[in-house]
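Shown next: structure.txt, given as compact mmCIF, C-alpha atoms.
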```txt
# COMPACT_ATOMS: atom_id res chain seq x y z
CA MET E 1 23.93 -5.30 0.69
CA LEU E 2 20.86 -7.56 0.30
CA LYS E 3 21.93 -8.44 -3.23
CA SER E 4 25.47 -9.30 -2.17
CA ILE E 5 24.24 -11.48 0.70
CA ALA E 6 21.87 -13.38 -1.60
CA SER E 7 24.69 -13.89 -4.13
CA GLU E 8 27.09 -15.01 -1.41
CA VAL E 9 24.65 -17.63 -0.10
CA LEU E 10 23.07 -18.88 -3.32
CA GLY E 11 25.37 -17.88 -6.16
CA GLU E 12 24.60 -15.31 -8.84
CA GLU E 13 22.01 -17.28 -10.80
CA LYS E 14 19.77 -18.29 -7.90
CA ALA E 15 20.22 -14.91 -6.21
CA ARG E 16 18.55 -13.21 -9.16
CA GLU E 17 15.34 -15.04 -8.25
CA VAL E 18 15.11 -13.53 -4.80
CA TRP E 19 17.26 -10.54 -3.87
CA SER E 20 14.83 -7.93 -5.24
CA ARG E 21 11.98 -9.65 -3.41
CA ILE E 22 13.23 -8.83 0.09
CA ASP E 23 11.35 -6.11 2.00
CA VAL E 24 12.60 -4.77 5.33
CA VAL E 25 9.84 -3.49 7.62
CA GLY E 26 11.29 -2.11 10.84
CA ASP E 27 13.68 -4.83 11.98
CA ILE E 28 11.82 -7.62 10.17
CA ALA E 29 12.83 -8.88 6.72
CA ILE E 30 10.15 -10.48 4.53
CA ILE E 31 11.22 -12.57 1.55
CA LYS E 32 8.44 -12.90 -1.00
CA LYS E 33 8.58 -16.35 -2.56
CA PRO E 34 8.86 -16.19 -6.37
CA LEU E 35 5.89 -17.66 -8.23
CA ARG E 36 8.35 -19.69 -10.28
CA GLY E 37 11.94 -20.74 -9.70
CA SER E 38 14.26 -23.38 -8.33
CA LEU E 39 14.61 -22.19 -4.71
CA GLN E 40 13.75 -24.59 -1.89
CA LEU E 41 12.89 -23.86 1.74
CA GLU E 42 16.46 -24.59 2.85
CA ASP E 43 17.70 -21.88 0.45
CA PHE E 44 15.45 -19.32 2.10
CA VAL E 45 16.55 -20.48 5.56
CA LYS E 46 20.19 -19.94 4.60
CA ILE E 47 19.46 -16.42 3.37
CA GLY E 48 17.48 -15.64 6.51
CA GLU E 49 20.27 -16.83 8.81
CA ARG E 50 22.84 -14.81 6.89
CA LEU E 51 20.67 -11.67 6.97
CA VAL E 52 20.36 -11.85 10.75
CA GLU E 53 24.11 -12.50 11.04
CA LYS E 54 25.27 -9.75 8.66
CA VAL E 55 22.67 -6.96 8.85
CA LYS E 56 22.57 -5.29 12.27
CA TYR E 57 19.10 -3.81 11.86
CA ILE E 58 17.43 -7.14 10.90
CA ASN E 59 16.38 -9.27 13.87
CA SER E 60 13.70 -11.49 12.35
CA VAL E 61 13.24 -13.03 8.88
CA TRP E 62 10.08 -14.54 7.38
CA LEU E 63 9.15 -16.13 4.06
CA ALA E 64 5.89 -14.91 2.49
CA ALA E 65 5.00 -18.23 0.87
CA SER E 66 1.83 -16.87 -0.76
CA PRO E 67 0.74 -13.43 -2.00
CA VAL E 68 -1.22 -10.85 -0.01
CA GLU E 69 -4.84 -11.99 -0.15
CA GLY E 70 -8.40 -10.83 0.50
CA ASP E 71 -10.07 -7.57 1.50
CA HIS E 72 -8.04 -7.62 4.73
CA ARG E 73 -4.75 -7.62 2.77
CA VAL E 74 -2.85 -10.12 4.91
CA ARG E 75 -0.07 -12.60 4.29
CA ARG E 76 -1.74 -15.80 5.48
CA ASN E 77 1.22 -18.10 4.91
CA LEU E 78 4.27 -16.65 6.66
CA VAL E 79 7.07 -19.10 7.44
CA HIS E 80 9.66 -18.21 10.08
CA LEU E 81 13.20 -18.51 8.70
CA ALA E 82 15.62 -17.01 11.21
CA GLY E 83 16.08 -14.70 14.19
CA GLU E 84 13.35 -13.77 16.63
CA LYS E 85 10.01 -15.46 16.04
CA ARG E 86 7.82 -12.36 16.11
CA THR E 87 5.83 -10.37 13.58
CA VAL E 88 5.40 -7.08 15.45
CA THR E 89 7.80 -4.22 14.81
CA VAL E 90 8.03 -0.44 14.53
CA TYR E 91 8.29 0.82 10.96
CA ARG E 92 9.48 4.39 10.29
CA GLU E 93 8.74 6.54 7.28
CA HIS E 94 8.96 10.32 6.62
CA GLY E 95 9.44 11.23 10.26
CA CYS E 96 6.57 9.02 11.46
CA ALA E 97 6.64 5.80 13.49
CA PHE E 98 4.16 2.97 12.98
CA LEU E 99 3.48 -0.06 15.12
CA VAL E 100 2.71 -2.89 12.68
CA ASP E 101 2.17 -6.64 12.70
CA VAL E 102 3.28 -8.02 9.34
CA SER E 103 1.07 -11.10 9.81
CA LYS E 104 -2.08 -9.01 10.27
CA VAL E 105 -1.69 -5.94 8.07
CA PHE E 106 -0.08 -5.20 4.70
CA VAL E 107 3.03 -3.01 4.89
CA THR E 108 5.66 -2.41 2.22
CA PRO E 109 8.43 0.19 2.10
CA ARG E 110 8.04 0.17 -1.70
CA LEU E 111 5.12 2.60 -1.33
CA SER E 112 7.11 5.13 0.71
CA PHE E 113 7.69 7.52 -2.20
CA GLU E 114 4.03 7.30 -3.19
CA HIS E 115 2.94 8.32 0.30
CA TYR E 116 5.23 11.35 0.13
CA ARG E 117 4.24 12.23 -3.45
CA VAL E 118 0.54 12.37 -2.66
CA ALA E 119 1.11 14.19 0.64
CA ARG E 120 2.89 16.95 -1.28
CA LEU E 121 -0.18 17.37 -3.49
CA VAL E 122 -2.53 17.99 -0.57
CA ARG E 123 -3.52 21.60 -0.06
CA PRO E 124 -4.07 23.24 3.34
CA GLY E 125 -7.55 22.64 4.72
CA GLU E 126 -8.44 19.67 2.51
CA VAL E 127 -10.72 16.90 3.71
CA ILE E 128 -9.50 13.46 2.64
CA VAL E 129 -11.11 10.03 2.65
CA ASN E 130 -8.74 7.05 2.65
CA MET E 131 -10.94 4.08 1.75
CA PHE E 132 -8.38 1.33 2.44
CA ALA E 133 -6.11 2.70 5.15
CA GLY E 134 -4.48 -0.36 6.73
CA ALA E 135 -2.41 0.60 9.78
CA GLY E 136 -2.79 4.27 8.83
CA ILE E 137 0.57 4.90 7.16
CA PHE E 138 -0.74 6.83 4.12
CA SER E 139 -3.18 8.87 6.23
CA ILE E 140 -0.68 9.75 8.95
CA VAL E 141 2.12 10.71 6.54
CA ILE E 142 -0.32 13.11 4.86
CA ALA E 143 -1.40 14.52 8.23
CA LYS E 144 2.24 15.15 9.23
CA ILE E 145 3.58 16.51 5.92
CA ALA E 146 0.58 18.47 4.64
CA ARG E 147 -2.00 20.56 6.47
CA PRO E 148 -5.33 18.82 5.86
CA ARG E 149 -8.34 19.64 8.00
CA ARG E 150 -9.41 16.03 8.34
CA VAL E 151 -8.42 12.57 7.07
CA TYR E 152 -11.16 9.94 7.41
CA SER E 153 -9.20 6.70 7.51
CA ILE E 154 -11.21 3.51 6.85
CA ASP E 155 -10.33 -0.17 6.99
CA ILE E 156 -12.41 -3.35 7.21
CA ASN E 157 -9.59 -5.30 8.91
CA LYS E 158 -10.13 -5.00 12.68
CA ASP E 159 -6.46 -5.65 13.46
CA ALA E 160 -5.43 -2.92 11.03
CA TYR E 161 -8.00 -0.55 12.56
CA ARG E 162 -6.66 -1.13 16.08
CA LEU E 163 -3.09 -0.50 14.89
CA MET E 164 -4.28 2.61 13.07
CA GLU E 165 -5.85 3.95 16.27
CA ARG E 166 -2.56 3.42 18.15
CA ASN E 167 -0.46 4.92 15.35
CA THR E 168 -2.69 7.99 15.18
CA ARG E 169 -2.00 8.66 18.87
CA LEU E 170 1.67 7.67 18.58
CA ASN E 171 2.22 10.34 15.92
CA GLY E 172 0.10 13.02 17.58
CA VAL E 173 -2.40 13.44 14.75
CA GLU E 174 -5.58 12.29 16.49
CA ASP E 175 -7.10 15.74 15.90
CA ILE E 176 -6.72 15.22 12.11
CA VAL E 177 -6.89 11.48 11.37
CA ILE E 178 -10.22 9.81 12.21
CA PRO E 179 -9.93 5.98 12.18
CA LEU E 180 -13.12 4.21 11.06
CA HIS E 181 -13.70 0.45 11.10
CA GLY E 182 -15.86 -1.17 8.43
CA ASP E 183 -16.46 -1.56 4.72
CA ALA E 184 -15.57 1.66 2.89
CA ALA E 185 -18.63 1.48 0.62
CA GLU E 186 -20.99 1.26 3.59
CA ILE E 187 -19.22 3.96 5.61
CA VAL E 188 -19.06 6.42 2.72
CA SER E 189 -22.71 5.83 1.83
CA ARG E 190 -23.84 6.28 5.42
CA MET E 191 -21.73 9.15 6.74
CA LEU E 192 -19.20 10.58 4.28
CA ARG E 193 -21.18 11.66 1.22
CA GLY E 194 -19.91 14.85 -0.37
CA VAL E 195 -17.30 15.64 2.29
CA ALA E 196 -13.96 15.11 0.51
CA ASN E 197 -11.64 17.15 -1.65
CA ARG E 198 -9.53 14.04 -2.22
CA VAL E 199 -10.07 10.27 -1.99
CA LEU E 200 -7.37 7.58 -1.72
CA MET E 201 -7.98 4.06 -3.11
CA PRO E 202 -4.76 2.08 -2.41
CA LEU E 203 -6.33 -1.37 -2.85
CA PRO E 204 -5.98 -2.48 -6.49
CA MET E 205 -8.31 -5.48 -6.25
CA LEU E 206 -11.28 -3.27 -5.27
CA ALA E 207 -10.42 0.09 -6.80
CA LEU E 208 -12.59 -0.05 -9.92
CA ASP E 209 -15.52 -1.69 -8.13
CA TYR E 210 -15.44 0.95 -5.38
CA LEU E 211 -14.92 3.94 -7.67
CA GLU E 212 -18.64 4.70 -7.40
CA TYR E 213 -18.30 5.13 -3.63
CA ALA E 214 -15.15 7.22 -3.98
CA SER E 215 -17.11 9.58 -6.22
CA LEU E 216 -19.91 9.70 -3.61
CA ALA E 217 -17.40 10.87 -1.02
CA LEU E 218 -16.24 13.76 -3.21
CA LYS E 219 -17.64 17.25 -3.26
CA ASP E 220 -18.81 18.47 -6.69
CA ARG E 221 -15.19 18.43 -7.82
CA GLY E 222 -12.16 16.66 -6.38
CA VAL E 223 -9.27 14.26 -6.90
CA ILE E 224 -9.29 10.48 -6.66
CA HIS E 225 -6.03 8.52 -6.39
CA VAL E 226 -6.70 5.08 -7.87
CA TYR E 227 -4.18 2.22 -7.61
CA LEU E 228 -4.45 -0.65 -10.08
CA HIS E 229 -2.47 -3.77 -10.97
CA VAL E 230 -2.08 -3.81 -14.75
CA GLY E 231 -0.83 -6.61 -16.98
CA PHE E 232 0.77 -5.64 -20.26
CA ASP E 233 2.26 -7.21 -23.36
CA ARG E 234 5.39 -6.13 -25.16
CA GLY E 235 4.87 -2.69 -26.67
CA GLU E 236 1.88 -1.82 -24.46
CA ASN E 237 1.90 1.14 -22.07
CA PRO E 238 0.58 0.04 -18.65
CA SER E 239 -0.03 3.64 -17.54
CA ARG E 240 -2.21 4.23 -20.60
CA LYS E 241 -4.12 1.01 -19.93
CA ALA E 242 -4.75 2.05 -16.32
CA VAL E 243 -5.98 5.49 -17.37
CA ASP E 244 -8.35 3.95 -19.92
CA GLU E 245 -9.79 1.63 -17.27
CA VAL E 246 -10.35 4.44 -14.77
CA VAL E 247 -11.77 6.94 -17.26
CA GLY E 248 -14.00 4.26 -18.78
CA ARG E 249 -15.44 3.42 -15.36
CA LEU E 250 -16.01 7.11 -14.58
CA GLU E 251 -17.88 7.51 -17.85
CA GLU E 252 -20.13 4.58 -16.88
CA LEU E 253 -20.87 6.50 -13.66
CA ARG E 254 -21.66 9.66 -15.68
CA LEU E 255 -18.69 11.51 -14.22
CA THR E 256 -16.17 13.67 -16.06
CA ALA E 257 -12.40 13.25 -15.77
CA ARG E 258 -10.90 16.74 -16.08
CA LYS E 259 -7.23 16.05 -15.43
CA VAL E 260 -5.49 12.68 -15.40
CA TYR E 261 -1.94 11.73 -14.42
CA ALA E 262 -0.53 8.21 -14.17
CA ARG E 263 2.76 6.69 -13.06
CA VAL E 264 4.08 3.17 -12.60
CA VAL E 265 4.65 2.63 -8.88
CA ARG E 266 6.34 -0.80 -8.78
CA PRO E 267 6.46 -4.20 -10.45
CA VAL E 268 4.14 -6.80 -8.90
CA GLY E 269 4.80 -9.76 -11.19
CA PRO E 270 6.03 -10.78 -14.64
CA ARG E 271 4.69 -8.13 -17.07
CA ARG E 272 2.48 -6.79 -14.31
CA VAL E 273 2.88 -3.48 -12.48
CA GLN E 274 1.09 -1.30 -9.99
CA VAL E 275 -0.03 2.00 -11.50
CA ALA E 276 -1.21 5.12 -9.65
CA VAL E 277 -3.83 7.15 -11.49
CA ASP E 278 -4.58 10.64 -10.15
CA VAL E 279 -7.83 11.87 -11.67
CA GLU E 280 -9.71 15.11 -11.09
CA VAL E 281 -13.40 14.29 -11.20
CA GLU E 282 -16.32 16.64 -11.78
CA ARG E 283 -20.02 15.87 -11.55
CA GLY E 284 -22.32 16.85 -14.34
CA GLY E 285 -19.50 17.80 -16.72
```
Conversion result in structure tokens:
Amino acid sequence: MLKSIASEVLGEEKAREVWSRIDVVGDIAIIKKPLRGSLQLEDFVKIGERLVEKVKYINSVWLAASPVEGDHRVRRNLVHLAGEKRTVTVYREHGCAFLVDVSKVFVTPRLSFEHYRVARLVRPGEVIVNMFAGAGIFSIVIAKIARPRRVYSIDINKDAYRLMERNTRLNGVEDIVIPLHGDAAEIVSRMLRGVANRVLMPLPMLALDYLEYASLALKDRGVIHVYLHVGFDRGENPSRKAVDEVVGRLEELRLTARKVYARVVRPVGPRRVQVAVDVEVERGG
């Protein structure tokens, strides 16, 4: 439906620039502005007005005029296009409900399958550290689908932390998910050394730099889920490139990668994709 609305408003050629860049979070639609292209603000306004008119579950439309930025992962340049002028909504995923503010925390439905995939890998009784938890979506989905003993859920963004606290109670997992506010490196170093069977690193811009702290959180052996943005040329395999980067960094840290799996999660730009690397790490191997 989103594709047909974009084509109806802009015509086929212009619609190709934008229709795949529309995310719907709860009842809010976010249009991510292409880095290049011919679209003007009035084009986006027309699409926004038509989305509110035609799609019953969309009540507010915003243009993300710049990419997600910084350690806090926020869209700093949101432009209201149509419908209600609000950024707070309830987003639902895998039987869970999340209160989110799209101007203060990063949320994308494009990671929904990844949340479920990792949750299905978690074994009963595991202890998990999520180093970049946002509003708690990854942590809470795991707590609801799997049977972990504890999920330590960290974020440096105070707004995200407050939403995470509310979402933990909203979904009835406060006995499993422990929200923690602060820098993941500092929190792991101070209070979470050697506690985890599994560590999540869903922040590509910091993943390799913080891999040392993820390894500190692990017991003698465990799994780290690393998310990277990888550029690639024609004929190159982005999954292979991501694996080489992760394994190379582990070797620098004198850690052994026992099992490695990688998959492309989503495109994030021209010849640039997000890759998930699951790596089983062992000390002293």
Against region 53-73 of chain E, which residues of region 174-219 of chain E fall within 12 Å? For each one I want the closest pair of atoms and the distance in Å (one decimal), counting all atoms listed in the file, rows by chain and increasing residue number, as JSON lines.
```
{"residue": "E:His181", "atom": "CA", "partner": "E:His72", "partner_atom": "CA", "distance": 11.7}
{"residue": "E:Gly182", "atom": "CA", "partner": "E:His72", "partner_atom": "CA", "distance": 10.8}
{"residue": "E:Asp183", "atom": "CA", "partner": "E:Asp71", "partner_atom": "CA", "distance": 9.3}
{"residue": "E:Ala184", "atom": "CA", "partner": "E:Asp71", "partner_atom": "CA", "distance": 10.8}
{"residue": "E:Pro202", "atom": "CA", "partner": "E:Arg73", "partner_atom": "CA", "distance": 11.0}
{"residue": "E:Leu203", "atom": "CA", "partner": "E:Asp71", "partner_atom": "CA", "distance": 8.4}
{"residue": "E:Pro204", "atom": "CA", "partner": "E:Asp71", "partner_atom": "CA", "distance": 10.3}
{"residue": "E:Met205", "atom": "CA", "partner": "E:Asp71", "partner_atom": "CA", "distance": 8.2}
{"residue": "E:Leu206", "atom": "CA", "partner": "E:Asp71", "partner_atom": "CA", "distance": 8.1}
{"residue": "E:Ala207", "atom": "CA", "partner": "E:Asp71", "partner_atom": "CA", "distance": 11.3}
```
Just the residues within 7 Å of region 275-278 of chain E, please, counting only C-alpha atoms, with nothing from its chain fewer than 3 positions along; format it as a count of residues only.
-> 17
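Each of E:Arg254, E:Lys33, E:Arg166, E:Lys259 was compared to Glu17 (chain E) using all atoms listed in the file, and E:Lys33 turns out to be the nearest.
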Kindly indicate which residue among E:Leu163, E:Arg169, E:Ile176, E:Gly134 lies nearest to Ala146 (chain E), using all atoms listed in the file for the distances.
-> E:Ile176
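Note that the spacing between CA of His80 (chain E) and CA of Gly48 (chain E) amounts to 9.0 Å.
The space separating CA of Ile187 (chain E) from CA of Phe138 (chain E) comes to 18.8 Å.
Counting from CA of Leu216 (chain E), the distance to CA of Arg123 (chain E) is 20.6 Å.
Proximity to Ala196 (chain E) was assessed for E:Val246, E:Val127, E:Leu81, E:Leu51 counting only C-alpha atoms; the smallest distance is recorded for E:Val127.
Near His94 (chain E), within a cut-off of 9 Å and counting all atoms listed in the file, sit the residues Ala97, Ser112, His115, Tyr116, Val141, Lys144 and Ile145 of chain E, with same-chain residues fewer than 3 positions away left out.
The closest residue to Leu255 (chain E), picked from E:Lys241, E:Arg271, E:Arg283, E:Arg221 and counting all atoms listed in the file, is E:Arg283.
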